[in-house]
$ cat input00.txt   # compact mmCIF, C-alpha atoms
# COMPACT_ATOMS: atom_id res chain seq x y z
CA MET X 1 -49.97 -4.19 3.64
CA LYS X 2 -46.25 -4.79 4.16
CA LEU X 3 -43.67 -2.34 2.97
CA PHE X 4 -40.36 -3.77 1.78
CA ILE X 5 -37.36 -1.51 1.59
CA ILE X 6 -34.54 -2.69 -0.62
CA VAL X 7 -31.12 -1.25 0.03
CA VAL X 8 -28.79 -1.50 -2.93
CA MET X 9 -25.17 -1.50 -1.90
CA LYS X 10 -22.55 -0.53 -4.38
CA LYS X 11 -19.96 -3.11 -5.29
CA LEU X 12 -16.57 -2.54 -3.63
CA ILE X 13 -13.46 -3.24 -5.68
CA LEU X 14 -9.86 -3.23 -4.50
CA ALA X 15 -7.72 -2.13 -7.45
CA SER X 16 -4.82 -4.32 -6.41
CA GLN X 17 -3.53 -7.85 -6.52
CA SER X 18 -1.53 -7.44 -3.29
CA PRO X 19 -2.31 -10.22 -0.81
CA ARG X 20 -1.42 -7.83 2.02
CA ARG X 21 -3.95 -5.22 0.91
CA ARG X 22 -6.55 -7.94 0.47
CA GLU X 23 -5.88 -9.23 3.98
CA LEU X 24 -6.13 -5.73 5.46
CA LEU X 25 -9.35 -4.86 3.64
CA GLU X 26 -10.90 -8.10 4.88
CA LYS X 27 -10.53 -6.66 8.41
CA CYS X 28 -13.22 -4.08 7.49
CA GLY X 29 -15.75 -6.92 7.12
CA ILE X 30 -17.22 -5.70 3.83
CA PRO X 31 -17.46 -7.98 0.80
CA PHE X 32 -15.19 -6.88 -2.05
CA ILE X 33 -13.49 -8.19 -5.13
CA CYS X 34 -9.97 -7.57 -6.41
CA GLU X 35 -9.28 -6.24 -9.86
CA PRO X 36 -5.76 -4.95 -10.46
CA ALA X 37 -5.42 -1.76 -12.48
CA ASP X 38 -3.48 -2.00 -15.72
CA ILE X 39 -1.53 1.28 -15.66
CA ASP X 40 2.03 2.53 -15.97
CA GLU X 41 3.30 2.67 -12.37
CA THR X 42 6.42 4.72 -13.09
CA ILE X 43 7.32 7.19 -10.36
CA THR X 44 9.09 10.34 -11.55
CA GLU X 45 12.14 10.77 -9.33
CA GLY X 46 12.81 14.36 -8.38
CA ASN X 47 9.11 15.15 -7.98
CA ASP X 48 7.51 15.35 -4.55
CA LEU X 49 7.07 11.70 -3.55
CA SER X 50 3.79 12.28 -1.70
CA ASP X 51 2.33 13.93 -4.80
CA GLU X 52 3.58 11.10 -7.00
CA ILE X 53 2.08 8.36 -4.85
CA ARG X 54 -1.21 10.27 -4.52
CA ARG X 55 -1.36 10.56 -8.32
CA LEU X 56 -0.52 6.88 -8.80
CA SER X 57 -3.16 5.62 -6.33
CA ARG X 58 -5.78 7.79 -8.04
CA ARG X 59 -4.80 6.59 -11.51
CA LYS X 60 -5.21 2.98 -10.33
CA ALA X 61 -8.65 3.71 -8.89
CA GLU X 62 -9.79 5.66 -11.95
CA ALA X 63 -8.67 2.91 -14.34
CA VAL X 64 -10.86 0.36 -12.55
CA LEU X 65 -13.75 2.84 -12.11
CA ALA X 66 -13.81 3.29 -15.90
CA LEU X 67 -14.59 -0.44 -16.16
CA HIS X 68 -17.08 -0.45 -13.24
CA PRO X 69 -18.77 2.99 -13.07
CA ASP X 70 -21.39 1.71 -10.60
CA ALA X 71 -18.80 0.57 -8.04
CA VAL X 72 -16.69 2.06 -5.27
CA ILE X 73 -13.00 1.58 -6.00
CA ILE X 74 -10.05 1.55 -3.60
CA GLY X 75 -6.69 2.36 -5.16
CA SER X 76 -3.50 2.32 -3.14
CA ASP X 77 0.22 2.27 -3.70
CA THR X 78 3.27 2.28 -1.46
CA ILE X 79 6.85 3.35 -1.99
CA VAL X 80 9.91 3.11 0.20
CA ALA X 81 12.49 5.90 0.04
CA VAL X 82 15.81 6.34 1.79
CA ASP X 83 17.72 9.61 1.48
CA GLY X 84 15.38 10.61 -1.34
CA LYS X 85 16.08 7.46 -3.36
CA ILE X 86 13.08 5.27 -4.20
CA LEU X 87 13.52 1.60 -3.40
CA GLY X 88 11.07 -0.35 -5.54
CA LYS X 89 10.69 -4.10 -5.74
CA PRO X 90 14.11 -5.69 -6.16
CA LYS X 91 14.70 -7.24 -9.57
CA ASP X 92 16.84 -9.99 -8.03
CA ARG X 93 18.40 -11.12 -4.75
CA ASN X 94 21.56 -9.05 -5.30
CA GLU X 95 19.51 -5.87 -5.57
CA ALA X 96 17.58 -6.94 -2.45
CA ARG X 97 20.89 -7.17 -0.57
CA GLU X 98 21.87 -3.69 -1.76
CA MET X 99 18.54 -2.27 -0.60
CA LEU X 100 18.81 -3.86 2.83
CA GLN X 101 22.35 -2.51 3.18
CA MET X 102 20.95 0.97 2.49
CA LEU X 103 18.24 0.48 5.14
CA SER X 104 20.69 -0.94 7.70
CA GLY X 105 21.16 1.49 10.58
CA ASN X 106 19.05 4.14 8.83
CA THR X 107 15.60 5.69 8.99
CA HIS X 108 13.60 5.57 5.77
CA GLN X 109 10.19 6.74 4.62
CA VAL X 110 7.26 4.56 3.65
CA ILE X 111 4.73 6.59 1.68
CA THR X 112 1.30 5.10 0.96
CA GLY X 113 -1.29 6.78 -1.19
CA LEU X 114 -5.00 6.02 -0.96
CA CYS X 115 -7.87 6.86 -3.30
CA VAL X 116 -11.47 5.80 -2.64
CA ILE X 117 -13.52 6.81 -5.64
CA SER X 118 -16.99 6.38 -7.11
CA SER X 119 -18.90 8.16 -9.85
CA SER X 120 -19.97 10.81 -7.33
CA ARG X 121 -17.15 11.06 -4.80
CA CYS X 122 -13.36 11.01 -4.54
CA PHE X 123 -11.37 10.78 -1.32
CA GLN X 124 -7.57 10.86 -1.32
CA ASP X 125 -5.02 10.58 1.44
CA VAL X 126 -1.29 10.07 1.80
CA SER X 127 0.37 8.50 4.82
CA VAL X 128 4.07 9.13 5.44
CA SER X 129 5.71 6.88 8.01
CA HIS X 130 9.31 6.72 9.20
CA VAL X 131 10.85 3.32 9.89
CA THR X 132 14.25 2.81 11.53
CA PHE X 133 16.32 -0.34 11.04
CA ALA X 134 19.01 -1.54 13.40
CA PRO X 135 22.45 -2.03 11.88
CA LEU X 136 22.43 -5.36 10.03
CA SER X 137 25.34 -7.71 9.54
CA ALA X 138 26.06 -9.27 6.15
CA ASP X 139 24.96 -12.63 7.59
CA GLU X 140 21.62 -11.18 8.76
CA ILE X 141 21.01 -9.67 5.35
CA ASP X 142 21.95 -12.92 3.57
CA ALA X 143 19.68 -14.98 5.81
CA TYR X 144 16.74 -12.63 5.24
CA VAL X 145 17.27 -12.52 1.49
CA SER X 146 17.55 -16.32 1.39
CA SER X 147 14.16 -16.59 3.11
CA GLY X 148 12.58 -15.18 -0.06
CA GLU X 149 10.46 -12.75 1.92
CA CYS X 150 12.17 -9.82 0.21
CA ASP X 151 10.89 -10.87 -3.22
CA ASP X 152 8.21 -8.62 -4.74
CA LYS X 153 8.34 -6.19 -1.79
CA ALA X 154 9.07 -2.48 -2.06
CA GLY X 155 12.32 -1.83 -0.21
CA ALA X 156 13.00 -5.60 -0.15
CA TYR X 157 11.22 -6.24 3.14
CA ALA X 158 7.85 -6.96 4.72
CA ILE X 159 7.26 -5.21 8.05
CA GLN X 160 4.72 -7.85 9.10
CA GLY X 161 7.17 -10.68 8.47
CA GLY X 162 10.68 -11.60 9.51
CA ALA X 163 12.01 -8.08 8.92
CA GLY X 164 10.07 -6.97 12.00
CA LYS X 165 12.99 -8.12 14.13
CA PHE X 166 15.25 -5.52 12.45
CA ILE X 167 13.01 -2.53 13.17
CA THR X 168 13.88 -0.37 16.17
CA ASN X 169 11.30 2.40 15.67
CA ILE X 170 8.16 3.20 13.71
CA ASP X 171 6.75 6.72 13.51
CA GLY X 172 3.52 6.45 11.57
CA ASP X 173 0.73 4.10 10.54
CA TYR X 174 1.71 0.42 10.74
CA TYR X 175 -1.09 -0.64 8.38
CA ALA X 176 -0.11 2.01 5.83
CA ILE X 177 3.42 0.60 5.94
CA MET X 178 1.90 -2.79 5.14
CA GLY X 179 0.16 -1.19 2.17
CA LEU X 180 -3.29 0.11 3.16
CA PRO X 181 -4.10 2.83 5.74
CA LEU X 182 -6.89 0.86 7.32
CA ASN X 183 -8.47 3.57 9.49
CA SER X 184 -8.67 6.00 6.56
CA VAL X 185 -10.36 3.30 4.46
CA TYR X 186 -12.79 2.44 7.26
CA GLU X 187 -13.75 6.06 7.90
CA GLU X 188 -14.33 6.77 4.20
CA LEU X 189 -16.41 3.61 3.74
CA LYS X 190 -18.56 4.78 6.67
CA ASN X 191 -18.95 8.17 4.99
CA ILE X 192 -20.31 6.53 1.83
CA SER X 193 -22.50 4.13 3.83
CA LEU X 194 -20.63 0.98 2.88
CA TYR X 195 -20.06 0.13 6.52

$ encode --input "input00.txt" --output "structure tokens"
Amino acid sequence: MKLFIIVVMKKLILASQSPRRRELLEKCGIPFICEPADIDETITEGNDLSDEIRRLSRRKAEAVLALHPDAVIIGSDTIVAVDGKILGKPKDRNEAREMLQMLSGNTHQVITGLCVISSSRCFQDVSVSHVTFAPLSADEIDAYVSSGECDDKAGAYAIQGGAGKFITNIDGDYYAIMGLPLNSVYEELKNISLY
């Protein structure tokens, strides 16, 4: 008589529509689907930014878990802050120029929150990285903004793209700066036997 053991793996859902987060999660080699969370993503300025981003990543994960209670959900969010001011996604190219002028010659924070949640477990983490930009000329800023890479990016730049040439120092997790702290995700997925 043969004994068959069936292992039922939980479905993994990334609560994001970010192509960067999708690309990073693919590096873990586990099948997943993307389902963005429909929540208010307002950050309350004046509050501790790490607490705010932790709360926001959990709210994203919980919103998708409510729709898929049998799944494991990954929620994540990233903010860029310089001198305590949050730099979200620029509403237009002029605002992108202003943001890049603020980053020019300065060190700023990139704060990424992570929540991996299921019906029986919740793991949260926050990664704070410091990124230093070289001084940028008006022409360099204009050329970068004209490339379109600044569109729909917190802080008006993508570290993995053309803005990499402006960065003189990184103190922190490169993948968290991109939008998903990959090692934290990997270790937690191992803990819940999804890897």

$ residues_around --input "input00.txt" --residues "X:Ser118" --least-positions-apart "2" --cutoff "12 Å" --atoms "all atoms listed in the file" --output "PDB file with C-alpha atoms, in the coordinates of the input"
ATOM      1  CA  LYS X  10     -22.550  -0.530  -4.380  1.00  0.00           C
ATOM      2  CA  LYS X  11     -19.960  -3.110  -5.290  1.00  0.00           C
ATOM      3  CA  LEU X  12     -16.570  -2.540  -3.630  1.00  0.00           C
ATOM      4  CA  ILE X  13     -13.460  -3.240  -5.680  1.00  0.00           C
ATOM      5  CA  ARG X  58      -5.780   7.790  -8.040  1.00  0.00           C
ATOM      6  CA  ALA X  61      -8.650   3.710  -8.890  1.00  0.00           C
ATOM      7  CA  GLU X  62      -9.790   5.660 -11.950  1.00  0.00           C
ATOM      8  CA  ALA X  63      -8.670   2.910 -14.340  1.00  0.00           C
ATOM      9  CA  VAL X  64     -10.860   0.360 -12.550  1.00  0.00           C
ATOM     10  CA  LEU X  65     -13.750   2.840 -12.110  1.00  0.00           C
ATOM     11  CA  ALA X  66     -13.810   3.290 -15.900  1.00  0.00           C
ATOM     12  CA  LEU X  67     -14.590  -0.440 -16.160  1.00  0.00           C
ATOM     13  CA  HIS X  68     -17.080  -0.450 -13.240  1.00  0.00           C
ATOM     14  CA  PRO X  69     -18.770   2.990 -13.070  1.00  0.00           C
ATOM     15  CA  ASP X  70     -21.390   1.710 -10.600  1.00  0.00           C
ATOM     16  CA  ALA X  71     -18.800   0.570  -8.040  1.00  0.00           C
ATOM     17  CA  VAL X  72     -16.690   2.060  -5.270  1.00  0.00           C
ATOM     18  CA  ILE X  73     -13.000   1.580  -6.000  1.00  0.00           C
ATOM     19  CA  ILE X  74     -10.050   1.550  -3.600  1.00  0.00           C
ATOM     20  CA  GLY X  75      -6.690   2.360  -5.160  1.00  0.00           C
ATOM     21  CA  CYS X 115      -7.870   6.860  -3.300  1.00  0.00           C
ATOM     22  CA  VAL X 116     -11.470   5.800  -2.640  1.00  0.00           C
ATOM     23  CA  SER X 120     -19.970  10.810  -7.330  1.00  0.00           C
ATOM     24  CA  ARG X 121     -17.150  11.060  -4.800  1.00  0.00           C
ATOM     25  CA  CYS X 122     -13.360  11.010  -4.540  1.00  0.00           C
ATOM     26  CA  PHE X 123     -11.370  10.780  -1.320  1.00  0.00           C
ATOM     27  CA  GLN X 124      -7.570  10.860  -1.320  1.00  0.00           C
ATOM     28  CA  GLU X 188     -14.330   6.770   4.200  1.00  0.00           C
ATOM     29  CA  LEU X 189     -16.410   3.610   3.740  1.00  0.00           C
ATOM     30  CA  ILE X 192     -20.310   6.530   1.830  1.00  0.00           C
ATOM     31  CA  LEU X 194     -20.630   0.980   2.880  1.00  0.00           C
TER      32      LEU X 194
END

$ closest_residue --input "input00.txt" --among "X:Leu100, X:Ile30, X:Met178, X:Ile79" --to "X:Thr42" --atoms "all atoms listed in the file"
X:Ile79

$ residues_around --input "input00.txt" --residues "X:Ile159" --least-positions-apart "2" --cutoff "12 Å" --atoms "all atoms listed in the file" --output "short mmCIF file (atom, residue, chain, number, x, y, z; two decimals) with C-alpha atoms, keeping the file's coordinate frame"
data_model
loop_
_atom_site.label_atom_id
_atom_site.label_comp_id
_atom_site.auth_asym_id
_atom_site.auth_seq_id
_atom_site.Cartn_x
_atom_site.Cartn_y
_atom_site.Cartn_z
CA ARG X 20 -1.42 -7.83 2.02
CA VAL X 80 9.91 3.11 0.20
CA VAL X 110 7.26 4.56 3.65
CA VAL X 131 10.85 3.32 9.89
CA THR X 132 14.25 2.81 11.53
CA PHE X 133 16.32 -0.34 11.04
CA GLU X 149 10.46 -12.75 1.92
CA CYS X 150 12.17 -9.82 0.21
CA LYS X 153 8.34 -6.19 -1.79
CA ALA X 154 9.07 -2.48 -2.06
CA GLY X 155 12.32 -1.83 -0.21
CA ALA X 156 13.00 -5.60 -0.15
CA TYR X 157 11.22 -6.24 3.14
CA GLY X 161 7.17 -10.68 8.47
CA GLY X 162 10.68 -11.60 9.51
CA ALA X 163 12.01 -8.08 8.92
CA GLY X 164 10.07 -6.97 12.00
CA LYS X 165 12.99 -8.12 14.13
CA PHE X 166 15.25 -5.52 12.45
CA ILE X 167 13.01 -2.53 13.17
CA THR X 168 13.88 -0.37 16.17
CA ASN X 169 11.30 2.40 15.67
CA ILE X 170 8.16 3.20 13.71
CA ASP X 173 0.73 4.10 10.54
CA TYR X 174 1.71 0.42 10.74
CA TYR X 175 -1.09 -0.64 8.38
CA ALA X 176 -0.11 2.01 5.83
CA ILE X 177 3.42 0.60 5.94
CA MET X 178 1.90 -2.79 5.14
CA GLY X 179 0.16 -1.19 2.17
#

$ closest_residue --input "input00.txt" --among "X:Asn106, X:Gln101, X:Ser184, X:Ser119" --to "X:Tyr144" --atoms "all atoms listed in the file"
X:Gln101

$ axis_aligned_box --input "input00.txt" --around "stretch 17-24 of chain X" --padding-each-side "6 Å" --output "JSON"
{"center_x": -4.0, "center_y": -7.7, "center_z": -0.5, "size_x": 17.1, "size_y": 17.0, "size_z": 24.0}

$ closest_residue --input "input00.txt" --among "X:Glu98, X:Pro31, X:Gly113, X:Pro36" --to "X:Ala138" --atoms "only C-alpha atoms"
X:Glu98

$ closest_residue --input "input00.txt" --among "X:Asp92, X:Asp125, X:Asp142, X:Asp83" --to "X:Arg54" --atoms "only C-alpha atoms"
X:Asp125

$ residues_around --input "input00.txt" --residues "X:Arg97" --least-positions-apart "4" --cutoff "7 Å" --atoms "all atoms listed in the file" --output "number ranges by chain"
X: 93, 101, 141, 145

$ closest_residue --input "input00.txt" --among "X:Leu103, X:Glu45, X:Asp51, X:Gln17" --to "X:Ile86" --atoms "only C-alpha atoms"
X:Glu45

$ atom_distance --input "input00.txt" --atom1 "atom CA of X:Thr107" --atom2 "atom CA of X:Val82"
7.2 Å

$ atom_distance --input "input00.txt" --atom1 "atom CA of X:Leu180" --atom2 "atom CA of X:Leu24"
6.9 Å

$ residues_around --input "input00.txt" --residues "X:Asp40" --least-positions-apart "3" --cutoff "12 Å" --atoms "all atoms listed in the file" --output "compact mmCIF listing (two decimals) with C-alpha atoms, in the frame of the given file"
# COMPACT_ATOMS: atom_id res chain seq x y z
CA ALA X 37 -5.42 -1.76 -12.48
CA ILE X 43 7.32 7.19 -10.36
CA THR X 44 9.09 10.34 -11.55
CA ARG X 55 -1.36 10.56 -8.32
CA LEU X 56 -0.52 6.88 -8.80
CA SER X 57 -3.16 5.62 -6.33
CA ARG X 59 -4.80 6.59 -11.51
CA LYS X 60 -5.21 2.98 -10.33
CA ALA X 63 -8.67 2.91 -14.34

$ atom_distance --input "input00.txt" --atom1 "atom CA of X:Leu136" --atom2 "atom CA of X:Gly105"
7.0 Å

$ closest_residue --input "input00.txt" --among "X:Leu14, X:Leu87, X:Leu114, X:Leu49" --to "X:Phe32" --atoms "all atoms listed in the file"
X:Leu14

$ build_atoms --input "input00.txt" --residues "stretch 40-68 of chain X" --atoms "N, CA and C atoms" --output "PDB file, keeping the file's coordinate frame"
ATOM      1  N   ASP X  40       0.589   2.317 -16.105  1.00  0.00           N
ATOM      2  CA  ASP X  40       2.030   2.530 -15.970  1.00  0.00           C
ATOM      3  C   ASP X  40       2.270   3.041 -14.540  1.00  0.00           C
ATOM      4  N   GLU X  41       3.076   2.324 -13.781  1.00  0.00           N
ATOM      5  CA  GLU X  41       3.300   2.670 -12.370  1.00  0.00           C
ATOM      6  C   GLU X  41       4.619   3.401 -12.159  1.00  0.00           C
ATOM      7  N   THR X  42       5.139   4.018 -13.202  1.00  0.00           N
ATOM      8  CA  THR X  42       6.420   4.720 -13.090  1.00  0.00           C
ATOM      9  C   THR X  42       6.289   5.932 -12.173  1.00  0.00           C
ATOM     10  N   ILE X  43       7.227   6.032 -11.254  1.00  0.00           N
ATOM     11  CA  ILE X  43       7.320   7.190 -10.360  1.00  0.00           C
ATOM     12  C   ILE X  43       8.406   8.103 -10.928  1.00  0.00           C
ATOM     13  N   THR X  44       8.118   9.383 -11.030  1.00  0.00           N
ATOM     14  CA  THR X  44       9.090  10.340 -11.550  1.00  0.00           C
ATOM     15  C   THR X  44       9.975  10.817 -10.404  1.00  0.00           C
ATOM     16  N   GLU X  45      11.224  10.343 -10.383  1.00  0.00           N
ATOM     17  CA  GLU X  45      12.140  10.770  -9.330  1.00  0.00           C
ATOM     18  C   GLU X  45      12.427  12.251  -9.482  1.00  0.00           C
ATOM     19  N   GLY X  46      12.593  12.916  -8.368  1.00  0.00           N
ATOM     20  CA  GLY X  46      12.810  14.360  -8.380  1.00  0.00           C
ATOM     21  C   GLY X  46      11.543  15.126  -8.055  1.00  0.00           C
ATOM     22  N   ASN X  47      10.380  14.530  -8.360  1.00  0.00           N
ATOM     23  CA  ASN X  47       9.110  15.150  -7.980  1.00  0.00           C
ATOM     24  C   ASN X  47       8.814  14.842  -6.520  1.00  0.00           C
ATOM     25  N   ASP X  48       7.912  15.611  -5.924  1.00  0.00           N
ATOM     26  CA  ASP X  48       7.510  15.350  -4.550  1.00  0.00           C
ATOM     27  C   ASP X  48       6.908  13.937  -4.461  1.00  0.00           C
ATOM     28  N   LEU X  49       7.482  13.097  -3.599  1.00  0.00           N
ATOM     29  CA  LEU X  49       7.070  11.700  -3.550  1.00  0.00           C
ATOM     30  C   LEU X  49       5.636  11.528  -3.066  1.00  0.00           C
ATOM     31  N   SER X  50       5.178  12.375  -2.148  1.00  0.00           N
ATOM     32  CA  SER X  50       3.790  12.280  -1.700  1.00  0.00           C
ATOM     33  C   SER X  50       2.829  12.587  -2.839  1.00  0.00           C
ATOM     34  N   ASP X  51       3.170  13.599  -3.643  1.00  0.00           N
ATOM     35  CA  ASP X  51       2.330  13.930  -4.800  1.00  0.00           C
ATOM     36  C   ASP X  51       2.326  12.794  -5.813  1.00  0.00           C
ATOM     37  N   GLU X  52       3.478  12.196  -6.035  1.00  0.00           N
ATOM     38  CA  GLU X  52       3.580  11.100  -7.000  1.00  0.00           C
ATOM     39  C   GLU X  52       2.745   9.893  -6.574  1.00  0.00           C
ATOM     40  N   ILE X  53       2.809   9.548  -5.298  1.00  0.00           N
ATOM     41  CA  ILE X  53       2.080   8.360  -4.850  1.00  0.00           C
ATOM     42  C   ILE X  53       0.590   8.642  -4.771  1.00  0.00           C
ATOM     43  N   ARG X  54       0.210   9.878  -4.477  1.00  0.00           N
ATOM     44  CA  ARG X  54      -1.210  10.270  -4.520  1.00  0.00           C
ATOM     45  C   ARG X  54      -1.734  10.136  -5.948  1.00  0.00           C
ATOM     46  N   ARG X  55      -0.968  10.636  -6.912  1.00  0.00           N
ATOM     47  CA  ARG X  55      -1.360  10.560  -8.320  1.00  0.00           C
ATOM     48  C   ARG X  55      -1.484   9.109  -8.775  1.00  0.00           C
ATOM     49  N   LEU X  56      -0.522   8.277  -8.364  1.00  0.00           N
ATOM     50  CA  LEU X  56      -0.520   6.880  -8.800  1.00  0.00           C
ATOM     51  C   LEU X  56      -1.711   6.115  -8.211  1.00  0.00           C
ATOM     52  N   SER X  57      -2.018   6.327  -6.933  1.00  0.00           N
ATOM     53  CA  SER X  57      -3.160   5.620  -6.330  1.00  0.00           C
ATOM     54  C   SER X  57      -4.470   6.054  -6.987  1.00  0.00           C
ATOM     55  N   ARG X  58      -4.566   7.331  -7.359  1.00  0.00           N
ATOM     56  CA  ARG X  58      -5.780   7.790  -8.040  1.00  0.00           C
ATOM     57  C   ARG X  58      -5.888   7.212  -9.449  1.00  0.00           C
ATOM     58  N   ARG X  59      -4.771   7.157 -10.162  1.00  0.00           N
ATOM     59  CA  ARG X  59      -4.800   6.590 -11.510  1.00  0.00           C
ATOM     60  C   ARG X  59      -5.234   5.126 -11.480  1.00  0.00           C
ATOM     61  N   LYS X  60      -4.782   4.384 -10.473  1.00  0.00           N
ATOM     62  CA  LYS X  60      -5.210   2.980 -10.330  1.00  0.00           C
ATOM     63  C   LYS X  60      -6.722   2.908 -10.127  1.00  0.00           C
ATOM     64  N   ALA X  61      -7.216   3.731  -9.200  1.00  0.00           N
ATOM     65  CA  ALA X  61      -8.650   3.710  -8.890  1.00  0.00           C
ATOM     66  C   ALA X  61      -9.479   4.138 -10.099  1.00  0.00           C
ATOM     67  N   GLU X  62      -9.043   5.173 -10.793  1.00  0.00           N
ATOM     68  CA  GLU X  62      -9.790   5.660 -11.950  1.00  0.00           C
ATOM     69  C   GLU X  62      -9.820   4.641 -13.082  1.00  0.00           C
ATOM     70  N   ALA X  63      -8.723   3.916 -13.268  1.00  0.00           N
ATOM     71  CA  ALA X  63      -8.670   2.910 -14.340  1.00  0.00           C
ATOM     72  C   ALA X  63      -9.711   1.817 -14.105  1.00  0.00           C
ATOM     73  N   VAL X  64      -9.877   1.402 -12.853  1.00  0.00           N
ATOM     74  CA  VAL X  64     -10.860   0.360 -12.550  1.00  0.00           C
ATOM     75  C   VAL X  64     -12.274   0.940 -12.537  1.00  0.00           C
ATOM     76  N   LEU X  65     -12.432   2.191 -12.083  1.00  0.00           N
ATOM     77  CA  LEU X  65     -13.750   2.840 -12.110  1.00  0.00           C
ATOM     78  C   LEU X  65     -14.268   2.953 -13.544  1.00  0.00           C
ATOM     79  N   ALA X  66     -13.389   3.183 -14.503  1.00  0.00           N
ATOM     80  CA  ALA X  66     -13.810   3.290 -15.900  1.00  0.00           C
ATOM     81  C   ALA X  66     -14.452   1.987 -16.382  1.00  0.00           C
ATOM     82  N   LEU X  67     -14.025   0.869 -15.798  1.00  0.00           N
ATOM     83  CA  LEU X  67     -14.590  -0.440 -16.160  1.00  0.00           C
ATOM     84  C   LEU X  67     -15.830  -0.779 -15.347  1.00  0.00           C
ATOM     85  N   HIS X  68     -15.965  -0.162 -14.160  1.00  0.00           N
ATOM     86  CA  HIS X  68     -17.080  -0.450 -13.240  1.00  0.00           C
ATOM     87  C   HIS X  68     -17.630   0.872 -12.693  1.00  0.00           C
TER      88      HIS X  68
END
